[in-house]
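Visitor: This is the structure I have questions about; it appears just below.
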Amino acid sequence: MTKPTETSISSQKIPLWTQIKENFGIVIIGLILAVLIRIFIAEPRFIPSESMYPTLDIGDRLVVEKVSYRFTKPKDQDIVVFTPPPQLQVLGYDASQAFIKRIIAKEKETVAVKEGIVYVNGIATKEEYIFENPEYSLDTIEIPKGYVFVMGDNRNNSNDSHIWGFLPQENIIGKAIFTFWPLKHFGKIN
């Protein structure tokens with residue numbers, strides 16, 4: 001007696017319409033997952049200006065992680081992407097635009113800029129990542145609760161908190177974690 005032969009999956013005839021429906025379903029699920037990931041977890045961004053040079057260059061593409069700030073507060077030195085605060089919207093910046101800067105001081109801390117040095121809580125910061133020392137001064141100010149103070153790494157070419165004031169933490173979209181394009185800049189952002 002001979003054994004019946006098993007039919008392989010690849011040799012079964014699946015109707016074309018069934019294949020199309022299955023593939024369409026997979027594509028729809030993939031699109032839904034991509035949208036959910038972009039809304040809640042991470043999203044790509046593009047650097048349009050040199051305000052964060054030399055850390056980030058014009059044209060760099062990066063990933064912004066959006067989860068951690070739901071559970072923890074932003075930290076000093078985090079590079080964050082945010083929507084323009086009200087004082088910038090009054091000047092004509094669209095609320096859907098995004099900015100990117102480095103957090104220099106958090107709520108209840110003080111910040112000052114004197115003779116090209118940034119001071120946080122009266123202590124001079126060591127900023128090896130900046131392009132050049134600031135050519136401006138800023139009297140000591142205290143960051144109010146619910147706000148942070150942000151600056152671009154290209155201190156003298158950055159529209160940041162030293163010009164327009166404090167950034168509401170609620171405006172922060174997420175933290176920039178790594179660049180993925182161009183490939184020569186691929187890696188973690190510090």
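By convention in this document, the chains of the structure tokens carry letters A, B, ... by their order, each chain's residues are numbered from 1, and ligands are numbered from 1 in the order they are shown.
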Show which residues sit within 12 Å of range 181-183 of chain A, as a list of chain:residue names. Count only C-alpha atoms, and ignore same-chain residues fewer than 2 positions away.
Guide: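 Selected residues are A:Pro44, A:Arg45, A:Phe46, A:Ile47, A:Leu56, A:Asp57, A:Ile58, A:Gly59, A:Asp60, A:Arg61, A:Leu62, A:Val63, A:Phe178, A:Thr179, A:His185, A:Phe186, A:Gly187, A:Lys188.
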Visitor: Find the spatial neighbours of range 74-89 of chain A, counting only C-alpha atoms, within a cut-off of 9 Å - ignore same-chain residues fewer than 2 positions away - and output them as a PyMOL selection string.
Guide: chain A and resi 45+64+68-69+72+91-106+148+150+164-177+189-190
Visitor: Between A:Val67, A:Ala124, A:Ala42, A:Ala112, single out the one closest to His162 in chain A, counting only C-alpha atoms.
Guide: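 Nearest to His162 in chain A: A:Ala112.
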Visitor: Could you please write out, as a PyMOL selection string, every residue of range 70-153 of chain A that DSSP assigns to strand (DSSP E)?
Guide: chain A and resi 79-82+99-106+110-114+117-120+123-124+138-142+147-151
Visitor: Please produce a file of the residues just selected, as a tab-separated table (two decimals), in the first residue's frame, where the atoms kept are N, CA, C and O atoms.
Guide:
chain	number	residue	atom	x	y	z
A	79	ILE	N	18.51	66.58	24.03
A	79	ILE	CA	18.18	67.33	22.81
A	79	ILE	C	16.73	67.00	22.49
A	79	ILE	O	16.39	65.83	22.28
A	80	VAL	N	15.89	68.03	22.50
A	80	VAL	CA	14.45	67.81	22.37
A	80	VAL	C	13.88	68.50	21.14
A	80	VAL	O	14.38	69.53	20.70
A	81	VAL	N	12.84	67.89	20.61
A	81	VAL	CA	12.06	68.47	19.52
A	81	VAL	C	10.76	68.95	20.14
A	81	VAL	O	10.16	68.26	20.96
A	82	PHE	N	10.34	70.16	19.75
A	82	PHE	CA	9.15	70.74	20.38
A	82	PHE	C	8.40	71.64	19.41
A	82	PHE	O	8.95	72.11	18.41
A	99	PHE	N	10.81	72.66	16.42
A	99	PHE	CA	12.13	73.18	16.69
A	99	PHE	C	12.94	72.08	17.37
A	99	PHE	O	12.37	71.16	17.97
A	100	ILE	N	14.26	72.20	17.35
A	100	ILE	CA	15.12	71.26	18.07
A	100	ILE	C	16.20	72.06	18.78
A	100	ILE	O	16.85	72.91	18.19
A	101	LYS	N	16.35	71.81	20.08
A	101	LYS	CA	17.34	72.50	20.91
A	101	LYS	C	17.78	71.57	22.04
A	101	LYS	O	17.18	70.54	22.30
A	102	ARG	N	18.80	72.01	22.78
A	102	ARG	CA	19.32	71.26	23.92
A	102	ARG	C	18.80	71.88	25.21
A	102	ARG	O	18.81	73.12	25.35
A	103	ILE	N	18.35	71.06	26.15
A	103	ILE	CA	17.91	71.56	27.46
A	103	ILE	C	19.15	71.95	28.26
A	103	ILE	O	20.06	71.16	28.45
A	104	ILE	N	19.15	73.19	28.71
A	104	ILE	CA	20.26	73.73	29.50
A	104	ILE	C	19.90	73.76	30.98
A	104	ILE	O	20.74	73.50	31.83
A	105	ALA	N	18.65	74.09	31.29
A	105	ALA	CA	18.22	74.16	32.69
A	105	ALA	C	16.75	73.77	32.78
A	105	ALA	O	15.98	73.97	31.83
A	106	LYS	N	16.39	73.20	33.93
A	106	LYS	CA	15.02	72.74	34.17
A	106	LYS	C	14.35	73.62	35.23
A	106	LYS	O	14.99	74.51	35.79
A	110	THR	N	18.56	77.94	37.93
A	110	THR	CA	18.83	79.26	37.38
A	110	THR	C	19.80	79.12	36.22
A	110	THR	O	20.58	78.16	36.15
A	111	VAL	N	19.74	80.06	35.30
A	111	VAL	CA	20.66	80.09	34.16
A	111	VAL	C	21.09	81.54	33.93
A	111	VAL	O	20.32	82.47	34.16
A	112	ALA	N	22.35	81.69	33.52
A	112	ALA	CA	22.90	83.01	33.19
A	112	ALA	C	23.97	82.80	32.13
A	112	ALA	O	24.54	81.71	32.00
A	113	VAL	N	24.23	83.86	31.35
A	113	VAL	CA	25.32	83.84	30.37
A	113	VAL	C	26.16	85.08	30.64
A	113	VAL	O	25.65	86.21	30.57
A	114	LYS	N	27.44	84.85	30.97
A	114	LYS	CA	28.36	85.96	31.27
A	114	LYS	C	29.70	85.69	30.62
A	114	LYS	O	30.27	84.61	30.80
A	117	ILE	N	30.21	82.38	28.79
A	117	ILE	CA	30.04	81.13	29.54
A	117	ILE	C	28.62	81.04	30.05
A	117	ILE	O	28.06	82.02	30.57
A	118	VAL	N	28.04	79.85	29.93
A	118	VAL	CA	26.69	79.58	30.45
A	118	VAL	C	26.84	79.04	31.87
A	118	VAL	O	27.61	78.11	32.12
A	119	TYR	N	26.08	79.63	32.78
A	119	TYR	CA	26.09	79.20	34.18
A	119	TYR	C	24.72	78.61	34.52
A	119	TYR	O	23.68	79.22	34.22
A	120	VAL	N	24.72	77.44	35.14
A	120	VAL	CA	23.49	76.83	35.65
A	120	VAL	C	23.65	76.70	37.15
A	120	VAL	O	24.63	76.10	37.62
A	123	ILE	N	27.04	77.69	38.50
A	123	ILE	CA	28.21	76.90	38.15
A	123	ILE	C	28.43	76.96	36.64
A	123	ILE	O	27.51	76.71	35.86
A	124	ALA	N	29.67	77.27	36.25
A	124	ALA	CA	30.01	77.33	34.82
A	124	ALA	C	29.86	75.94	34.20
A	124	ALA	O	30.31	74.95	34.76
A	138	LEU	N	23.25	87.22	29.50
A	138	LEU	CA	21.89	86.98	30.00
A	138	LEU	C	21.97	87.03	31.52
A	138	LEU	O	22.74	86.28	32.13
A	139	ASP	N	21.21	87.95	32.11
A	139	ASP	CA	21.17	88.03	33.57
A	139	ASP	C	20.59	86.75	34.14
A	139	ASP	O	19.81	86.05	33.48
A	140	THR	N	20.92	86.46	35.37
A	140	THR	CA	20.45	85.24	36.04
A	140	THR	C	18.92	85.24	36.12
A	140	THR	O	18.32	86.22	36.57
A	141	ILE	N	18.34	84.14	35.63
A	141	ILE	CA	16.89	83.97	35.70
A	141	ILE	C	16.59	82.58	36.25
A	141	ILE	O	17.37	81.65	36.07
A	142	GLU	N	15.46	82.45	36.92
A	142	GLU	CA	15.04	81.15	37.45
A	142	GLU	C	13.96	80.57	36.54
A	142	GLU	O	13.05	81.28	36.10
A	147	TYR	N	8.48	74.37	33.06
A	147	TYR	CA	9.22	74.91	31.92
A	147	TYR	C	10.66	74.40	31.92
A	147	TYR	O	11.16	73.91	32.93
A	148	VAL	N	11.31	74.55	30.77
A	148	VAL	CA	12.75	74.30	30.63
A	148	VAL	C	13.35	75.47	29.86
A	148	VAL	O	12.63	76.25	29.23
A	149	PHE	N	14.68	75.56	29.92
A	149	PHE	CA	15.41	76.58	29.18
A	149	PHE	C	16.24	75.85	28.14
A	149	PHE	O	17.03	74.97	28.49
A	150	VAL	N	16.05	76.18	26.86
A	150	VAL	CA	16.73	75.47	25.77
A	150	VAL	C	17.61	76.42	24.96
A	150	VAL	O	17.29	77.59	24.81
A	151	MET	N	18.71	75.86	24.45
A	151	MET	CA	19.61	76.63	23.59
A	151	MET	C	20.11	75.75	22.46
A	151	MET	O	20.23	74.52	22.63
Visitor: Name all residues at most 8 Å from Asn154 in chain A (count only C-alpha atoms; drop same-chain ones fewer than 3 positions away) and give them as a list in words.
Guide: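 Residues meeting the cut-off are Glu50, Ser51, Met52, Tyr53, Pro54, Ile130, Phe131, Glu132, Asn157 and Ser158 of chain A.
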Visitor: Report the distance between CA of Lys126 in chain A and CA of Glu65 in chain A in Å, rounded to one decimal place.
Guide: 26.0 Å
Visitor: If DSSP is run on the backbone, what residues of range 52-115 of chain A are helix (DSSP H, G or I)? A reply as a tab-separated table (two decimals) with C-alpha atoms, in the first residue's frame would be ideal.
Guide:
chain	number	residue	atom	x	y	z
A	68	SER	CA	10.13	58.32	27.86
A	69	TYR	CA	8.81	61.80	28.73
A	70	ARG	CA	5.43	60.28	29.52
A	86	PRO	CA	3.00	80.80	22.41
A	87	GLN	CA	5.52	83.66	22.28
A	88	LEU	CA	6.88	82.28	18.97
A	89	GLN	CA	3.41	81.63	17.57
A	90	VAL	CA	2.60	85.31	18.16
Visitor: Check the smallest atom-to-atom distance from each of A:Phe180, A:Ser49, A:Glu127, A:Gly122 to Asn159 in chain A using only C-alpha atoms, then report the winner.
Guide: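 Counting only C-alpha atoms, the residue closest to Asn159 in chain A is A:Ser49.
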Visitor: Using Å and a single decimal, report how far CA of Thr125 in chain A sits from CA of Asn156 in chain A.
Guide: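 So the two atoms, CA of Asn156 in chain A and CA of Thr125 in chain A, lie 16.7 Å apart.
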Visitor: Please measure the separation of CA of Ile163 in chain A and CA of Glu128 in chain A, giving the value in Å to one decimal.
Guide: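 Interatomic distance here is 22.2 Å.
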